[in-house]
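Shown below: query.csv, with CSV, C-alpha atoms.
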```csv
chain,number,residue,atom,x,y,z
C,1,MET,CA,116.0,118.5,81.7
C,2,VAL,CA,112.5,117.3,82.3
C,3,VAL,CA,111.9,113.6,81.7
C,4,GLY,CA,108.3,112.5,81.5
C,5,SER,CA,105.5,111.0,79.4
C,6,GLY,CA,105.2,111.7,75.7
C,7,THR,CA,102.0,112.3,73.8
C,8,ARG,CA,101.9,108.9,72.0
C,9,PHE,CA,100.5,107.5,75.2
C,10,LEU,CA,98.8,110.8,76.1
C,11,SER,CA,97.9,111.4,79.7
C,12,GLY,CA,97.9,114.1,82.3
C,13,ILE,CA,101.6,113.5,83.0
C,14,SER,CA,102.3,114.3,79.3
C,15,ILE,CA,100.6,117.7,79.8
C,16,TYR,CA,102.4,118.3,83.1
C,17,ALA,CA,105.8,117.6,81.7
C,18,VAL,CA,105.3,120.1,78.8
C,19,ARG,CA,103.8,122.8,81.1
C,20,LEU,CA,106.7,122.4,83.5
C,21,ALA,CA,109.3,122.7,80.8
C,22,ASN,CA,107.6,125.8,79.4
C,23,ALA,CA,107.4,127.3,82.9
C,24,PHE,CA,111.2,126.9,83.3
C,25,LEU,CA,111.8,128.5,79.9
C,26,THR,CA,109.7,131.5,81.0
C,27,ARG,CA,111.8,131.8,84.1
C,28,GLY,CA,114.9,132.2,81.9
C,29,HIS,CA,116.4,128.7,82.3
C,30,ASP,CA,118.1,126.6,79.6
C,31,VAL,CA,115.5,123.8,79.2
C,32,SER,CA,115.2,120.5,77.5
C,33,ILE,CA,112.7,117.7,77.7
C,34,VAL,CA,113.0,113.9,77.1
C,35,THR,CA,109.9,111.9,76.7
C,36,MET,CA,109.1,108.3,77.2
C,37,ARG,CA,107.6,107.5,73.7
C,38,ALA,CA,106.6,103.9,73.9
C,39,LEU,CA,105.8,103.1,77.6
C,40,LEU,CA,105.0,99.4,77.0
C,41,PRO,CA,103.8,97.2,74.2
C,42,ALA,CA,100.6,98.9,73.1
C,43,ARG,CA,98.5,95.7,73.4
C,44,PHE,CA,98.9,95.9,77.2
C,45,TYR,CA,97.9,99.5,77.5
C,46,PRO,CA,94.3,100.1,78.7
C,47,GLY,CA,93.8,102.8,76.1
C,48,ARG,CA,95.4,100.8,73.3
C,49,ALA,CA,92.9,101.9,70.7
C,50,ARG,CA,94.1,105.5,70.8
C,51,VAL,CA,97.8,105.0,71.1
C,52,GLY,CA,99.5,107.3,68.6
C,53,SER,CA,96.4,109.4,67.9
C,54,ASP,CA,96.7,113.1,67.6
C,55,LEU,CA,94.7,114.2,70.6
C,56,THR,CA,96.4,117.5,71.7
C,57,GLU,CA,97.7,120.7,70.2
C,58,LEU,CA,99.9,121.4,73.2
C,59,GLY,CA,103.7,121.4,72.7
C,60,VAL,CA,106.9,122.8,74.1
C,61,GLU,CA,107.7,126.5,73.4
C,62,PRO,CA,110.4,127.4,70.9
C,63,GLY,CA,113.6,127.4,72.8
C,64,VAL,CA,112.9,124.1,74.7
C,65,ALA,CA,115.1,121.4,73.2
C,66,ARG,CA,113.1,118.1,72.8
C,67,PHE,CA,114.0,114.5,72.3
C,68,ASP,CA,110.9,112.3,71.7
C,69,GLY,CA,111.8,109.8,72.8
C,70,ILE,CA,112.9,106.7,74.7
C,71,ASP,CA,111.1,103.4,74.1
C,72,TRP,CA,110.6,100.6,76.7
C,73,PHE,CA,112.8,98.3,74.6
C,74,TRP,CA,115.6,100.9,74.5
C,75,PHE,CA,117.4,100.2,71.2
C,76,PRO,CA,118.3,102.4,69.6
C,77,SER,CA,116.3,105.1,71.4
C,78,MET,CA,118.2,104.8,74.7
C,79,LEU,CA,121.5,105.4,73.0
C,80,ARG,CA,120.0,108.4,71.2
C,81,GLY,CA,118.6,109.7,74.6
C,82,ILE,CA,122.0,109.4,76.2
C,83,PHE,CA,123.6,111.2,73.3
C,84,PHE,CA,121.0,114.0,73.7
C,85,LEU,CA,121.8,114.2,77.4
C,86,LEU,CA,125.5,114.5,76.6
C,87,ARG,CA,124.9,117.2,74.0
C,88,ARG,CA,122.6,119.2,76.2
C,89,ARG,CA,124.7,118.8,79.4
C,90,PRO,CA,121.9,119.7,81.9
C,91,GLU,CA,122.8,120.4,85.5
C,92,VAL,CA,119.6,118.9,86.7
C,93,LEU,CA,117.4,115.9,85.7
C,94,ILE,CA,113.8,116.0,86.8
C,95,LEU,CA,112.2,112.5,86.5
C,96,GLN,CA,108.3,112.5,86.5
C,97,TRP,CA,107.3,109.4,88.4
C,98,TRP,CA,103.8,107.9,87.7
C,99,THR,CA,104.1,104.3,86.4
C,100,GLY,CA,106.5,101.4,87.0
C,101,THR,CA,106.8,100.8,83.2
C,102,VAL,CA,109.4,103.6,82.9
C,103,LEU,CA,111.6,102.6,85.9
C,104,HIS,CA,114.2,100.6,84.0
C,105,SER,CA,114.7,103.6,81.7
C,106,TYR,CA,114.8,106.0,84.6
C,107,LEU,CA,117.4,103.8,86.3
C,108,VAL,CA,119.8,104.2,83.3
C,109,LEU,CA,119.2,108.0,83.0
C,110,ALA,CA,119.6,108.5,86.8
C,111,LEU,CA,122.7,106.4,86.9
C,112,PHE,CA,124.2,108.2,84.0
C,113,GLY,CA,123.2,111.6,85.4
C,114,ARG,CA,124.8,110.9,88.8
C,115,LEU,CA,128.0,109.5,87.2
C,116,THR,CA,128.3,112.8,85.3
C,117,GLY,CA,127.7,114.9,88.4
C,118,LYS,CA,124.1,116.0,87.8
C,119,GLN,CA,121.4,116.6,90.4
C,120,VAL,CA,118.5,114.1,90.0
C,121,ILE,CA,115.1,115.0,91.3
C,122,ILE,CA,112.2,112.6,91.3
C,123,GLU,CA,108.8,114.2,91.2
C,124,PHE,CA,106.1,111.8,92.4
C,125,HIS,CA,102.6,111.9,90.8
C,126,GLU,CA,101.8,108.4,92.1
C,127,VAL,CA,103.4,106.3,94.8
C,128,ILE,CA,102.3,103.2,92.8
C,129,ASP,CA,99.6,103.1,90.1
C,130,THR,CA,96.4,101.5,91.5
C,131,GLY,CA,96.2,99.1,88.5
C,132,GLU,CA,99.8,98.1,88.9
C,133,ALA,CA,99.3,97.6,92.6
C,134,ARG,CA,96.8,94.9,91.9
C,135,MET,CA,99.3,92.9,89.7
C,136,ALA,CA,101.8,90.7,91.6
C,137,LEU,CA,104.4,90.9,88.9
C,138,ALA,CA,104.1,94.7,88.6
C,139,ARG,CA,104.4,95.1,92.4
C,140,TRP,CA,107.5,92.9,92.5
C,141,TYR,CA,109.1,94.8,89.6
C,142,VAL,CA,108.5,98.2,91.3
C,143,GLY,CA,109.6,96.8,94.6
C,144,VAL,CA,112.9,95.7,93.1
C,145,VAL,CA,113.7,98.6,90.7
C,146,ALA,CA,112.2,101.6,92.5
C,147,PRO,CA,114.7,101.5,95.4
C,148,ALA,CA,117.6,101.6,93.0
C,149,VAL,CA,116.2,104.6,91.2
C,150,ILE,CA,115.4,106.4,94.4
C,151,GLY,CA,118.8,105.6,95.8
C,152,LEU,CA,120.3,107.7,93.0
C,153,ALA,CA,118.2,110.7,93.5
C,154,THR,CA,119.4,113.8,95.3
C,155,GLY,CA,116.0,115.3,96.0
C,156,PHE,CA,112.2,114.6,95.7
C,157,ALA,CA,109.1,116.5,95.1
C,158,VAL,CA,105.3,115.9,95.6
C,159,HIS,CA,102.2,118.0,95.4
C,160,SER,CA,100.6,117.6,98.8
C,161,SER,CA,101.5,116.8,102.4
C,162,HIS,CA,99.4,113.7,102.0
C,163,ASP,CA,101.7,112.4,99.2
C,164,ALA,CA,104.8,113.5,101.3
C,165,VAL,CA,103.5,111.1,104.0
C,166,LEU,CA,103.0,108.3,101.5
C,167,VAL,CA,106.4,108.7,99.8
C,168,ARG,CA,108.2,109.0,103.2
C,169,SER,CA,106.5,105.9,104.6
C,170,ARG,CA,106.9,103.7,101.5
C,171,TYR,CA,110.3,104.7,100.3
C,172,ARG,CA,111.9,106.2,103.4
C,173,VAL,CA,112.9,109.4,101.6
C,174,GLY,CA,113.0,113.0,102.7
C,175,ILE,CA,115.0,112.2,105.8
C,176,ARG,CA,118.5,112.5,104.4
C,177,ARG,CA,117.5,114.3,101.2
C,178,PRO,CA,115.1,117.2,100.6
C,179,LEU,CA,111.4,116.4,100.0
C,180,ALA,CA,109.5,119.4,98.7
C,181,ILE,CA,105.8,120.1,98.3
C,182,LEU,CA,105.2,121.9,95.1
C,183,PRO,CA,102.3,124.0,93.9
C,184,HIS,CA,100.6,122.7,90.8
C,185,GLY,CA,99.8,125.1,88.0
C,186,PRO,CA,96.5,125.3,86.2
C,187,HIS,CA,95.7,123.1,83.2
C,188,ASP,CA,94.2,126.1,81.4
C,189,HIS,CA,95.9,125.5,78.0
C,190,TYR,CA,92.8,123.8,76.4
C,191,ARG,CA,91.3,127.2,75.5
C,192,THR,CA,94.5,128.6,74.0
C,193,THR,CA,95.3,125.5,72.0
C,194,ALA,CA,91.7,125.2,70.5
C,195,GLY,CA,92.7,127.5,67.7
C,196,ASP,CA,91.1,130.6,66.3
C,197,ALA,CA,87.8,128.8,65.6
C,198,PRO,CA,87.2,126.5,68.7
C,199,LEU,CA,84.3,124.0,68.6
C,200,ALA,CA,81.0,125.3,69.8
C,201,ALA,CA,80.2,124.5,73.4
C,202,LEU,CA,79.1,120.9,73.7
C,203,ARG,CA,76.1,120.7,75.8
C,204,SER,CA,73.1,118.3,75.6
C,205,ALA,CA,71.5,119.9,78.7
C,206,PRO,CA,68.7,122.3,78.0
C,207,ALA,CA,69.1,126.0,78.7
C,208,GLY,CA,68.5,126.7,82.4
C,209,ALA,CA,69.4,123.2,83.6
C,210,THR,CA,72.5,122.6,85.6
C,211,ASN,CA,74.9,120.5,83.6
C,212,PHE,CA,77.1,118.3,85.8
C,213,LEU,CA,80.3,117.2,84.1
C,214,PHE,CA,82.5,114.2,85.0
C,215,PHE,CA,85.6,113.7,82.8
C,216,GLY,CA,88.8,111.7,82.9
C,217,ILE,CA,89.8,108.1,82.8
C,218,ILE,CA,87.1,105.8,84.2
C,219,ARG,CA,88.8,103.5,86.7
C,220,PRO,CA,87.6,101.8,89.9
C,221,TYR,CA,88.9,104.4,92.3
C,222,LYS,CA,87.2,107.3,90.4
C,223,GLY,CA,83.8,106.7,92.0
C,224,LEU,CA,81.8,107.4,88.9
C,225,GLU,CA,79.2,104.9,90.0
C,226,ASP,CA,78.6,107.0,93.1
C,227,LEU,CA,77.9,110.0,91.0
C,228,VAL,CA,75.4,108.1,88.9
C,229,ALA,CA,73.7,106.9,92.1
C,230,ALA,CA,73.7,110.5,93.4
C,231,PHE,CA,72.1,111.7,90.2
C,232,ASP,CA,69.5,108.9,90.4
C,233,ALA,CA,68.6,110.2,93.9
C,234,ILE,CA,67.4,113.5,92.6
C,235,PRO,CA,63.7,113.7,93.2
C,236,PRO,CA,61.5,113.4,90.1
C,237,ASP,CA,59.9,116.8,90.6
C,238,ARG,CA,63.4,118.4,90.4
C,239,ILE,CA,65.2,116.4,87.7
C,240,GLU,CA,64.1,118.7,84.9
C,241,ASP,CA,66.6,121.2,86.3
C,242,TYR,CA,69.6,118.9,86.0
C,243,TRP,CA,71.7,117.0,83.4
C,244,LEU,CA,74.7,114.7,83.7
C,245,THR,CA,77.5,114.6,81.2
C,246,VAL,CA,80.2,111.9,81.4
C,247,VAL,CA,83.3,112.1,79.2
C,248,GLY,CA,85.9,109.4,79.7
C,249,GLU,CA,87.7,106.3,78.6
C,250,THR,CA,87.0,103.0,80.4
C,251,TRP,CA,90.1,101.4,81.8
C,252,GLU,CA,90.8,98.1,83.5
C,253,GLY,CA,87.5,96.6,82.4
C,254,TRP,CA,85.6,98.9,84.8
C,255,HIS,CA,82.2,98.8,83.1
C,256,LEU,CA,80.1,99.2,86.2
C,257,PRO,CA,79.6,103.0,85.8
C,258,GLY,CA,78.5,102.5,82.2
C,259,GLU,CA,76.1,99.8,83.3
C,260,ARG,CA,74.7,102.1,86.0
C,261,ILE,CA,74.2,104.9,83.4
C,262,ALA,CA,72.3,102.5,81.1
C,263,ALA,CA,70.1,101.3,83.9
C,264,SER,CA,69.5,104.8,85.4
C,265,ARG,CA,66.0,106.0,85.7
C,266,TYR,CA,67.2,109.2,84.3
C,267,ALA,CA,69.2,107.7,81.5
C,268,ASP,CA,67.5,110.1,79.0
C,269,ARG,CA,69.2,113.0,80.9
C,270,ILE,CA,72.7,111.5,80.8
C,271,THR,CA,75.2,112.1,78.0
C,272,PHE,CA,77.9,109.4,78.0
C,273,VAL,CA,81.0,109.9,75.7
C,274,ASN,CA,83.0,106.8,76.4
C,275,ARG,CA,86.4,107.6,74.9
C,276,TYR,CA,89.4,109.8,75.3
C,277,VAL,CA,88.5,113.0,73.5
C,278,HIS,CA,90.8,115.5,71.7
C,279,ASP,CA,91.7,118.6,73.7
C,280,ALA,CA,89.5,120.7,71.5
C,281,GLU,CA,86.5,118.5,72.3
C,282,LEU,CA,87.2,118.5,76.0
C,283,ASP,CA,87.4,122.3,75.8
C,284,ALA,CA,84.0,122.4,74.2
C,285,HIS,CA,82.5,120.1,76.9
C,286,LEU,CA,84.0,122.3,79.7
C,287,ARG,CA,82.6,125.4,78.2
C,288,GLY,CA,79.2,123.7,78.1
C,289,ALA,CA,79.4,122.6,81.8
C,290,ASP,CA,78.1,124.3,84.8
C,291,VAL,CA,79.6,122.2,87.6
C,292,VAL,CA,82.4,119.6,87.5
C,293,VAL,CA,81.9,116.6,89.9
C,294,LEU,CA,84.9,114.3,90.8
C,295,PRO,CA,83.7,111.7,93.3
C,296,TYR,CA,87.0,109.8,93.8
C,297,ARG,CA,87.2,107.0,96.3
C,298,ARG,CA,90.9,107.7,96.7
C,299,SER,CA,93.2,110.2,95.1
C,300,SER,CA,96.8,111.4,95.0
C,301,LEU,CA,96.9,114.2,92.4
C,302,SER,CA,93.9,115.0,90.2
C,303,GLY,CA,94.6,116.4,86.8
C,304,PRO,CA,90.9,117.0,86.1
C,305,LEU,CA,90.7,119.1,89.3
C,306,HIS,CA,93.4,121.5,87.9
C,307,VAL,CA,91.6,121.5,84.5
C,308,ALA,CA,88.3,122.5,86.1
C,309,MET,CA,90.0,125.1,88.2
C,310,GLY,CA,91.7,126.4,85.1
C,311,TYR,CA,88.2,127.1,83.7
C,312,GLY,CA,87.0,128.6,87.0
C,313,LEU,CA,84.1,126.1,87.3
C,314,PRO,CA,82.5,125.1,90.6
C,315,VAL,CA,83.9,121.7,91.6
C,316,VAL,CA,82.2,119.1,93.8
C,317,MET,CA,84.9,116.7,94.9
C,318,THR,CA,85.5,114.1,97.6
C,319,ASN,CA,87.7,114.9,100.5
C,320,VAL,CA,90.3,112.2,100.0
C,321,GLY,CA,94.1,112.2,99.6
C,322,GLY,CA,95.5,115.6,98.7
C,323,ASN,CA,92.2,116.9,97.1
C,324,ALA,CA,91.4,119.5,99.8
C,325,GLU,CA,95.1,120.7,99.8
C,326,ALA,CA,95.2,120.9,96.0
C,327,GLY,CA,92.1,123.1,96.0
C,328,GLU,CA,93.2,125.3,98.9
C,329,GLY,CA,92.4,128.9,98.1
C,330,TYR,CA,89.9,128.0,95.3
C,331,GLY,CA,86.6,129.6,96.0
C,332,GLY,CA,84.6,127.2,94.0
C,333,LEU,CA,85.6,123.9,95.7
C,334,PHE,CA,82.8,121.9,97.5
C,335,LEU,CA,84.0,118.9,99.4
C,336,VAL,CA,82.1,115.8,100.5
C,337,GLU,CA,83.2,112.5,102.0
C,338,PRO,CA,83.9,109.6,99.7
C,339,ALA,CA,81.2,107.1,98.8
C,340,ASP,CA,78.6,109.2,100.7
C,341,VAL,CA,75.9,109.3,98.0
C,342,PRO,CA,73.3,111.2,100.0
C,343,ALA,CA,75.8,113.9,100.9
C,344,LEU,CA,76.9,114.1,97.2
C,345,THR,CA,73.3,114.5,96.1
C,346,ALA,CA,72.7,117.2,98.7
C,347,VAL,CA,75.6,119.3,97.5
C,348,MET,CA,74.6,118.8,93.9
C,349,LEU,CA,71.1,120.1,94.7
C,350,GLY,CA,72.4,123.0,96.9
C,351,ASP,CA,72.0,126.6,95.8
C,352,ALA,CA,75.7,127.3,96.4
C,353,ILE,CA,76.9,125.6,93.3
C,354,ARG,CA,74.2,127.0,91.0
C,355,THR,CA,76.1,130.2,90.2
C,356,VAL,CA,77.3,131.9,87.1
C,357,ALA,CA,80.4,133.0,89.0
C,358,ARG,CA,83.8,131.9,87.8
C,359,TYR,CA,86.8,131.5,90.1
C,360,GLU,CA,90.5,132.1,89.9
C,361,HIS,CA,92.9,129.2,90.1
C,362,PRO,CA,95.0,129.8,93.2
C,363,ARG,CA,98.3,128.6,91.7
C,364,SER,CA,100.5,129.4,88.7
C,365,TRP,CA,103.2,127.6,86.8
C,366,ALA,CA,105.6,130.3,87.7
C,367,GLU,CA,105.1,129.3,91.4
C,368,THR,CA,106.0,125.7,90.4
C,369,ALA,CA,109.1,126.8,88.7
C,370,ILE,CA,110.1,129.1,91.6
C,371,ALA,CA,109.6,126.2,94.1
C,372,TYR,CA,112.0,124.1,92.0
C,373,GLU,CA,114.5,126.9,92.1
C,374,GLN,CA,114.3,126.8,95.9
C,375,ILE,CA,114.9,123.0,95.8
C,376,LEU,CA,118.0,123.6,93.7
C,377,ASP,CA,119.2,126.3,96.0
C,378,GLN,CA,119.0,123.7,98.8
C,379,LEU,CA,120.9,121.1,96.8
C,380,ALA,CA,123.5,123.6,95.8
C,381,GLY,CA,124.1,124.4,99.5
C,382,SER,CA,124.5,120.7,100.5
C,383,ALA,CA,127.7,118.8,100.7
C,384,GLY,CA,128.3,115.1,100.3
C,385,PRO,CA,126.5,112.3,98.5
C,386,ALA,CA,122.8,111.4,98.8
C,387,GLY,CA,123.4,109.0,101.6
C,388,ASP,CA,124.9,111.6,104.0
C,389,GLU,CA,123.0,112.6,107.2
C,390,ASP,CA,120.0,114.9,106.7
C,391,ARG,CA,120.4,118.6,106.6
C,392,HIS,CA,117.0,119.3,104.9
C,393,ALA,CA,113.5,118.9,106.1
C,394,ALA,CA,110.6,118.7,103.8
C,395,THR,CA,109.8,122.1,102.2
C,396,ALA,CA,106.1,122.9,102.4
C,397,ARG,CA,104.2,125.8,100.7
C,398,PRO,CA,103.7,128.7,103.1
C,399,GLY,CA,101.1,127.8,105.6
C,400,MET,CA,101.1,124.1,104.9
C,401,ALA,CA,101.7,121.6,107.7
C,402,GLN,CA,104.8,119.5,107.7
C,403,PRO,CA,103.9,115.8,106.9
C,404,ALA,CA,103.8,113.2,109.7
C,405,SER,CA,104.2,109.5,109.5
C,406,GLU,CA,101.1,107.3,108.8
C,407,PRO,CA,100.4,104.0,107.0
C,408,ASP,CA,100.7,103.8,103.2
C,409,PRO,CA,97.5,102.9,101.4
C,410,PRO,CA,97.5,102.6,97.6
C,411,THR,CA,97.0,106.0,96.0
C,412,GLY,CA,95.1,107.1,92.9
C,413,GLY,CA,96.4,109.1,90.1
C,414,SER,CA,96.7,112.2,88.1
C,415,GLY,CA,95.8,111.3,84.5
C,416,ARG,CA,93.1,113.1,82.6
```

Represent the structure of the file as structure tokens.
Amino acid sequence: MVVGSGTRFLSGISIYAVRLANAFLTRGHDVSIVTMRALLPARFYPGRARVGSDLTELGVEPGVARFDGIDWFWFPSMLRGIFFLLRRRPEVLILQWWTGTVLHSYLVLALFGRLTGKQVIIEFHEVIDTGEARMALARWYVGVVAPAVIGLATGFAVHSSHDAVLVRSRYRVGIRRPLAILPHGPHDHYRTTAGDAPLAALRSAPAGATNFLFFGIIRPYKGLEDLVAAFDAIPPDRIEDYWLTVVGETWEGWHLPGERIAASRYADRITFVNRYVHDAELDAHLRGADVVVLPYRRSSLSGPLHVAMGYGLPVVMTNVGGNAEAGEGYGGLFLVEPADVPALTAVMLGDAIRTVARYEHPRSWAETAIAYEQILDQLAGSAGPAGDEDRHAATARPGMAQPASEPDPPTGGSGR
């Protein structure tokens, strides 16, 4: 049973939960999914204007049982969720961790799962959300409730050795219980869910110009202002060969990138779509793009990276967090250091990214499901409760280094 975000508050985690459930079904498992329907009162959500909008065609495959879903206020949804769990009788609960707003619900589900003899795995997409980390009340809430949820888990999963370090150092896990590093499958569903008559490619850039695309939630750690500065640094005698397209929803009052776009000397060569677009519209923008640029100041897991790799596009990205590891084996990844505007400009102007070539995503969802099967094999071979002495080291992908201890900075996220 996969437990994650629903589509009412659509995010990259919503997509991931559905893709993971479908991957398990393809592998022949009996699969169900429980979604968190109302994460919090909508007025407190940064994307409140789109809550409940129909923004995706993606859904679980026939054969995946679904309960949508559990609300933050619980009644009667939590009782219905528990009844669904009792009826489905899963052997394993997989809790997708990305925001503190779901922890009180996860605490109930994890406790009920352990009391009924189930394995409980927590899959981390964030250590703590960067926005929540800045709020004292949210930090306190996570600090109080998270240890209780973590104490009930029998295993943990992350998507990079960078995140394994953060999870180990913050929550002291992976010593007595297994901590696995999972491959992340491609977000390539946008093309297949666009229907028989997809939108025409969306592209304001003239033919022959390189169209750089930034997409995703616009937040302080995303570094979009660095990309605008890098675009502004293109020499005037070369700017006719370039265009910048920005598609994203502003969160946390972070209007600086929009202000920089408006003030840019090349504002007439920048397309700015300041909203969360439907999947079909994002597909059209991606088909109209030549290069994706993701200039994050910090990062944990980037959903847009896996979308871009799913389209085979060249990706210019900052070498922070687990980005390099996530793109390992992808021929079209070009890394620069964070906040280094001259270096970003140099890569954007380089001949290497101006190619019609398309690249293969190095991972698959089948690999993710197989990695989970390996975790479950480990858990099936263990004896004793979660607090027993360790018999499992962190499980890395072949060729990946085992994580070591280091300080725990805040980490960025995975949302689209």

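When only C-alpha atoms are used to measure the gap to C:Ala164, the shortest distance among C:Leu301, C:Leu313, C:Leu199, C:Ala148 belongs to C:Leu301.
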
Handout entry: Neighbours of point (103.6, 120.2, 79.2) within 10 Å, using only C-alpha atoms, written as a PyMOL selection string
Key = chain C and resi 2+4-7+12-23+33+58-61+187+189

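If all atoms listed in the file are the atoms counted, then among C:Pro76, C:Gly321, C:Gly248, C:Gly100 the closest residue to C:Leu39 is C:Gly100.
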
Point (80.1, 103.1, 92.6) neighbourhood (10 Å, all atoms listed in the file) written as a short mmCIF file (atom, residue, chain, number, x, y, z; two decimals) with C-alpha atoms, in the frame of the given file:
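Printed below is part18.cif as written:
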```
data_model
loop_
_atom_site.label_atom_id
_atom_site.label_comp_id
_atom_site.auth_asym_id
_atom_site.auth_seq_id
_atom_site.Cartn_x
_atom_site.Cartn_y
_atom_site.Cartn_z
CA PRO C 220 87.60 101.80 89.90
CA TYR C 221 88.90 104.40 92.30
CA LYS C 222 87.20 107.30 90.40
CA GLY C 223 83.80 106.70 92.00
CA LEU C 224 81.80 107.40 88.90
CA GLU C 225 79.20 104.90 90.00
CA ASP C 226 78.60 107.00 93.10
CA LEU C 227 77.90 110.00 91.00
CA VAL C 228 75.40 108.10 88.90
CA ALA C 229 73.70 106.90 92.10
CA ALA C 230 73.70 110.50 93.40
CA LEU C 256 80.10 99.20 86.20
CA PRO C 257 79.60 103.00 85.80
CA ARG C 260 74.70 102.10 86.00
CA PRO C 295 83.70 111.70 93.30
CA TYR C 296 87.00 109.80 93.80
CA ARG C 297 87.20 107.00 96.30
CA ALA C 339 81.20 107.10 98.80
CA VAL C 341 75.90 109.30 98.00
#
```

Practice task
For stretch 233-246 of chain C, please output as a ChimeraX atom specification all residues within 8 Å (counting only C-alpha atoms; exclusion window: fewer than 2 positions along the same chain).
Solution key: /C:205,208-215,229-231,248,269-274,342,345,349
